[in-house]
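This is structure12.csv. It holds CSV, C-alpha atoms.
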```csv
chain,number,residue,atom,x,y,z
A,1,MET,CA,133.5,-18.3,-84.7
A,2,SER,CA,136.5,-16.7,-86.4
A,3,LYS,CA,135.5,-16.2,-90.0
A,4,ASP,CA,139.1,-15.3,-90.9
A,5,PHE,CA,140.4,-18.6,-89.5
A,6,LEU,CA,137.9,-20.6,-91.5
A,7,GLU,CA,139.2,-19.0,-94.7
A,8,THR,CA,142.7,-20.3,-94.1
A,9,ASP,CA,144.0,-23.6,-95.3
A,10,ALA,CA,143.9,-24.9,-91.7
A,11,GLY,CA,140.4,-23.5,-91.2
A,12,THR,CA,139.0,-25.2,-94.3
A,13,PHE,CA,140.3,-28.5,-93.0
A,14,ILE,CA,138.8,-27.9,-89.5
A,15,GLY,CA,135.5,-26.6,-90.9
A,16,ARG,CA,135.2,-29.7,-93.1
A,17,ALA,CA,136.1,-31.9,-90.1
A,18,LYS,CA,133.2,-30.4,-88.2
A,19,CYS,CA,130.8,-31.2,-91.0
A,20,PHE,CA,131.9,-34.9,-91.2
A,21,LEU,CA,131.7,-35.2,-87.4
A,22,GLU,CA,128.3,-33.5,-87.3
A,23,ALA,CA,127.1,-36.1,-89.8
A,24,ALA,CA,128.6,-38.9,-87.7
A,25,ARG,CA,126.8,-37.5,-84.7
A,26,VAL,CA,123.5,-37.5,-86.5
A,27,LEU,CA,123.9,-41.1,-87.5
A,28,ASP,CA,125.0,-42.0,-83.9
A,29,ASP,CA,121.9,-40.3,-82.5
A,30,LYS,CA,119.8,-42.2,-85.0
A,31,MET,CA,121.2,-45.5,-83.7
A,32,LEU,CA,119.8,-44.8,-80.3
A,33,ASP,CA,116.5,-46.3,-81.3
A,34,GLY,CA,118.2,-49.7,-81.4
A,35,ARG,CA,116.9,-50.5,-84.9
A,36,SER,CA,119.5,-48.7,-87.0
A,37,GLY,CA,122.6,-50.8,-86.5
A,38,MET,CA,123.2,-50.6,-90.2
A,39,LEU,CA,124.4,-47.0,-89.6
A,40,PHE,CA,127.4,-48.2,-87.5
A,41,ALA,CA,129.9,-48.5,-90.3
A,42,PRO,CA,128.9,-45.2,-92.0
A,43,ALA,CA,129.1,-43.4,-88.6
A,44,LEU,CA,132.6,-44.8,-88.1
A,45,HIS,CA,133.7,-43.9,-91.6
A,46,LEU,CA,132.5,-40.3,-91.1
A,47,ALA,CA,134.2,-40.1,-87.7
A,48,GLY,CA,137.4,-41.4,-89.2
A,49,HIS,CA,137.4,-38.9,-92.0
A,50,GLY,CA,136.4,-36.1,-89.6
A,51,LEU,CA,139.3,-37.0,-87.3
A,52,GLU,CA,141.7,-37.2,-90.3
A,53,LEU,CA,140.7,-33.7,-91.4
A,54,LEU,CA,140.8,-32.4,-87.8
A,55,LEU,CA,144.4,-33.6,-87.4
A,56,LYS,CA,145.5,-32.3,-90.8
A,57,GLY,CA,144.0,-28.9,-90.0
A,58,CYS,CA,145.7,-28.8,-86.6
A,59,LEU,CA,149.1,-29.7,-88.2
A,60,ILE,CA,148.7,-27.0,-90.9
A,61,HIS,CA,147.5,-24.5,-88.2
A,62,ASN,CA,150.7,-25.2,-86.3
A,63,GLY,CA,153.1,-24.7,-89.2
A,64,LEU,CA,153.4,-27.9,-91.3
A,65,SER,CA,153.0,-27.3,-95.0
A,66,LYS,CA,149.8,-28.5,-96.6
A,67,MET,CA,151.9,-30.8,-98.9
A,68,ARG,CA,153.7,-32.4,-96.0
A,69,VAL,CA,150.4,-32.9,-94.1
A,70,VAL,CA,148.6,-34.5,-97.1
A,71,GLY,CA,151.6,-36.9,-97.2
A,72,PHE,CA,150.3,-38.5,-94.1
A,73,GLY,CA,147.5,-40.0,-96.1
A,74,HIS,CA,144.9,-41.6,-93.9
A,75,ARG,CA,147.3,-42.5,-91.1
A,76,ILE,CA,145.4,-41.0,-88.1
A,77,ASN,CA,147.4,-42.7,-85.5
A,78,GLU,CA,150.7,-41.4,-86.9
A,79,MET,CA,149.3,-37.9,-87.0
A,80,TRP,CA,147.9,-38.2,-83.5
A,81,ALA,CA,151.4,-38.8,-82.2
A,82,VAL,CA,153.0,-35.6,-83.7
A,83,ASP,CA,153.9,-33.1,-81.0
A,84,LEU,CA,152.1,-30.3,-82.9
A,85,VAL,CA,148.7,-31.8,-82.2
A,86,GLU,CA,149.2,-31.8,-78.4
A,87,PRO,CA,146.5,-29.1,-77.9
A,88,LEU,CA,144.1,-31.3,-79.9
A,89,ARG,CA,144.9,-34.4,-77.8
A,90,LEU,CA,144.4,-32.4,-74.6
A,91,ALA,CA,141.1,-31.0,-75.7
A,92,ALA,CA,139.9,-34.5,-76.8
A,93,GLY,CA,140.8,-35.9,-73.4
A,94,TYR,CA,138.8,-33.2,-71.7
A,95,ASN,CA,135.9,-33.6,-74.0
A,96,ALA,CA,135.9,-37.4,-73.4
A,97,GLY,CA,135.1,-36.6,-69.8
A,98,ILE,CA,132.2,-34.2,-70.7
A,99,THR,CA,130.8,-36.6,-73.2
A,100,HIS,CA,130.9,-39.4,-70.7
A,101,GLN,CA,129.2,-37.3,-68.0
A,102,GLU,CA,126.4,-36.4,-70.3
A,103,ALA,CA,126.0,-40.1,-71.4
A,104,VAL,CA,125.7,-41.2,-67.7
A,105,ALA,CA,123.3,-38.3,-66.9
A,106,CYS,CA,120.9,-39.0,-69.8
A,107,GLY,CA,121.0,-42.8,-69.3
A,108,LEU,CA,120.8,-43.5,-73.0
A,109,PHE,CA,124.0,-45.6,-73.2
A,110,GLN,CA,123.9,-48.7,-71.0
A,111,ASP,CA,127.7,-49.1,-71.0
A,112,ALA,CA,128.5,-45.5,-70.0
A,113,LYS,CA,128.1,-46.1,-66.3
A,114,ASN,CA,130.7,-48.9,-66.5
A,115,ILE,CA,133.4,-46.6,-67.8
A,116,ASP,CA,135.8,-45.6,-65.0
A,117,ASN,CA,138.3,-43.6,-67.2
A,118,PRO,CA,136.6,-42.0,-70.2
A,119,ARG,CA,139.9,-40.5,-71.5
A,120,GLU,CA,141.5,-44.0,-71.6
A,121,VAL,CA,138.5,-45.5,-73.3
A,122,PHE,CA,138.3,-42.7,-75.8
A,123,GLU,CA,142.0,-43.2,-76.6
A,124,GLU,CA,141.5,-47.0,-77.1
A,125,TYR,CA,138.6,-46.3,-79.4
A,126,ARG,CA,140.4,-43.5,-81.3
A,127,SER,CA,143.4,-45.8,-81.8
A,128,ALA,CA,141.1,-48.6,-83.1
A,129,LEU,CA,139.4,-46.2,-85.4
A,130,GLY,CA,142.8,-45.1,-86.7
A,131,ASP,CA,143.8,-48.7,-87.5
A,132,LEU,CA,140.5,-49.3,-89.3
A,133,HIS,CA,140.7,-46.0,-91.2
A,134,ALA,CA,144.3,-46.4,-92.4
A,135,GLU,CA,144.1,-50.1,-93.4
A,136,THR,CA,145.1,-50.0,-97.0
A,137,LYS,CA,144.5,-53.6,-98.1
A,138,VAL,CA,140.8,-53.9,-97.3
A,139,TYR,CA,139.5,-50.6,-95.9
A,140,PRO,CA,137.2,-52.5,-93.5
A,141,ILE,CA,135.0,-49.5,-92.7
A,142,ARG,CA,134.6,-48.4,-96.3
A,143,TYR,CA,134.0,-51.6,-98.2
A,144,PRO,CA,132.5,-55.1,-97.6
A,145,THR,CA,135.4,-57.4,-96.6
A,146,GLU,CA,136.1,-60.8,-95.0
A,147,ASP,CA,137.7,-58.9,-92.2
A,148,GLU,CA,135.9,-59.7,-88.9
A,149,ARG,CA,137.3,-56.9,-86.8
A,150,VAL,CA,134.7,-55.0,-84.9
A,151,GLY,CA,134.9,-51.2,-84.7
A,152,PRO,CA,134.9,-49.2,-81.6
A,153,LYS,CA,131.6,-48.2,-80.0
A,154,THR,CA,130.6,-44.8,-81.4
A,155,PRO,CA,128.8,-42.7,-78.7
A,156,LEU,CA,131.9,-41.8,-76.7
A,157,LEU,CA,134.1,-41.6,-79.8
A,158,VAL,CA,131.8,-39.5,-81.9
A,159,GLY,CA,130.7,-37.2,-79.1
A,160,THR,CA,134.2,-36.5,-78.1
A,161,LEU,CA,135.5,-35.8,-81.6
A,162,TRP,CA,132.4,-33.6,-82.4
A,163,ARG,CA,132.9,-31.5,-79.2
A,164,THR,CA,136.6,-31.1,-80.0
A,165,ALA,CA,135.9,-30.0,-83.6
A,166,ASP,CA,133.2,-27.6,-82.3
A,167,ASP,CA,135.7,-26.1,-79.8
A,168,TYR,CA,138.3,-25.8,-82.6
A,169,VAL,CA,135.9,-23.9,-84.9
A,170,LYS,CA,134.9,-21.5,-82.1
A,171,ARG,CA,138.3,-21.0,-80.5
A,172,PRO,CA,141.2,-21.8,-82.9
A,173,ASP,CA,143.8,-20.0,-80.9
A,174,ASP,CA,143.3,-22.6,-78.1
A,175,PHE,CA,144.8,-25.1,-80.5
A,176,ARG,CA,148.1,-23.4,-81.1
A,177,ALA,CA,151.0,-25.6,-80.1
A,178,ARG,CA,153.8,-24.2,-77.9
A,179,ASN,CA,156.3,-25.4,-80.4
A,180,ALA,CA,154.4,-24.3,-83.5
A,181,ILE,CA,156.6,-23.9,-86.5
```

Could you show the structure in this file as structure tokens?
Amino acid sequence: MSKDFLETDAGTFIGRAKCFLEAARVLDDKMLDGRSGMLFAPALHLAGHGLELLLKGCLIHNGLSKMRVVGFGHRINEMWAVDLVEPLRLAAGYNAGITHQEAVACGLFQDAKNIDNPREVFEEYRSALGDLHAETKVYPIRYPTEDERVGPKTPLLVGTLWRTADDYVKRPDDFRARNAI
């Protein structure tokens, strides 16, 4: 782990992202017992905030000013599309495959064996999380609402994001964009 990196603006965002994603992972693991469904919304909320911080850290790391990055607000899907986060997108796609392989091997998630393309499923879940996280009228994963949307399943989503944040903390240079500012 690069202590110098964690002391930069980008590093503080990435370090905090890892904390939120670690917490989401703990809640996700707790839900394995099948009796803790009430942890689903908190796990999604933590994952959404962790992803937001991960994206903001990556954008700062690759040259955008902190002021400009904060201007994105909670719009995960908008940040995800910025060219400067391409290394993050690539790492997440790779980590979706690893997370899926582990899920199939351990047999804990019934649906894992039915997933043919974990990257595609992760992307679908990440996009759905982005929609829920940025919704400004009702914030459906933060507050009780009349909104009946169902959030994405968490094991693949949280596991992939956690692994990606872990990689970023350990190897920040791997997340430098070719077109960094």

TODO: Write out as a ChimeraX atom specification which residues come within 10 Å of A:Pro42 when counting only C-alpha atoms, dropping same-chain ones fewer than 6 positions away.
DONE: /A:23-24,27-28,48,141-142

What lies within 6 Å of stretch 97-110 of chain A using only C-alpha atoms, ignoring chain neighbours under 4 positions off, as an mmCIF file with C-alpha atoms, in the coordinates of the input?
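Ended up saving to around-v4.cif:
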```
data_model
loop_
_atom_site.group_PDB
_atom_site.id
_atom_site.type_symbol
_atom_site.label_atom_id
_atom_site.label_comp_id
_atom_site.auth_asym_id
_atom_site.auth_seq_id
_atom_site.Cartn_x
_atom_site.Cartn_y
_atom_site.Cartn_z
ATOM 1 C CA PRO A 118 136.600 -42.000 -70.200
ATOM 2 C CA GLY A 159 130.700 -37.200 -79.100
ATOM 3 C CA THR A 160 134.200 -36.500 -78.100
#
```

Task: Point-to-point distance from atom CA of A:Gly15 to atom CA of A:Ala112, Å rounded to tenths - done: 29.0 Å

Could you pull the residues within 10 Å of A:Arg89, counting all atoms listed in the file, minus those fewer than 5 positions along the same chain, as a short mmCIF file (atom, residue, chain, number, x, y, z; two decimals) with C-alpha atoms, in the coordinates of the input?
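Result went into out_19.cif, see below:
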```cif
data_model
loop_
_atom_site.label_atom_id
_atom_site.label_comp_id
_atom_site.auth_asym_id
_atom_site.auth_seq_id
_atom_site.Cartn_x
_atom_site.Cartn_y
_atom_site.Cartn_z
CA LEU A 55 144.40 -33.60 -87.40
CA TRP A 80 147.90 -38.20 -83.50
CA ALA A 81 151.40 -38.80 -82.20
CA ASP A 83 153.90 -33.10 -81.00
CA LEU A 84 152.10 -30.30 -82.90
CA TYR A 94 138.80 -33.20 -71.70
CA ASN A 95 135.90 -33.60 -74.00
CA GLU A 123 142.00 -43.20 -76.60
CA THR A 164 136.60 -31.10 -80.00
CA PHE A 175 144.80 -25.10 -80.50
#
```

- [ ] Show which residues sit within 10 Å of A:Ala17, as a PyMOL selection string. Count only C-alpha atoms, and ignore same-chain residues fewer than 4 positions away.
- [x] chain A and resi 11-13+21-23+46-57+161-162+165-166+168-169

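Pairwise distance (atom CA of A:Ala10, atom CA of A:Asn77) equals 19.2 Å.
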
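Taking atom CA of A:Val70 and atom CA of A:Glu146 as the two end points, the separation is 29.2 Å.
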
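Candidate residues A:Ala128, A:Ile60, A:Ile181, A:Lys153 were compared for distance to A:Ala43, and the nearest is A:Lys153, using all atoms listed in the file.
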
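Comparing the minimum interatomic distances between A:Val85 and each of A:Asn114, A:Leu59, A:Arg16, A:Leu64, counting only C-alpha atoms, we find that A:Leu59 sits nearest.
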
Task: Nearest to A:Val158 by atom-to-atom distance, counting only C-alpha atoms, from A:Leu39, A:Val121, A:Ala180, A:Leu44 - done: A:Leu44

TODO: Find, counting only C-alpha atoms, the residue in A:Glu78, A:Asp9, A:Asp111, A:Asp173 that gets nearest to A:Lys66.
DONE: A:Asp9
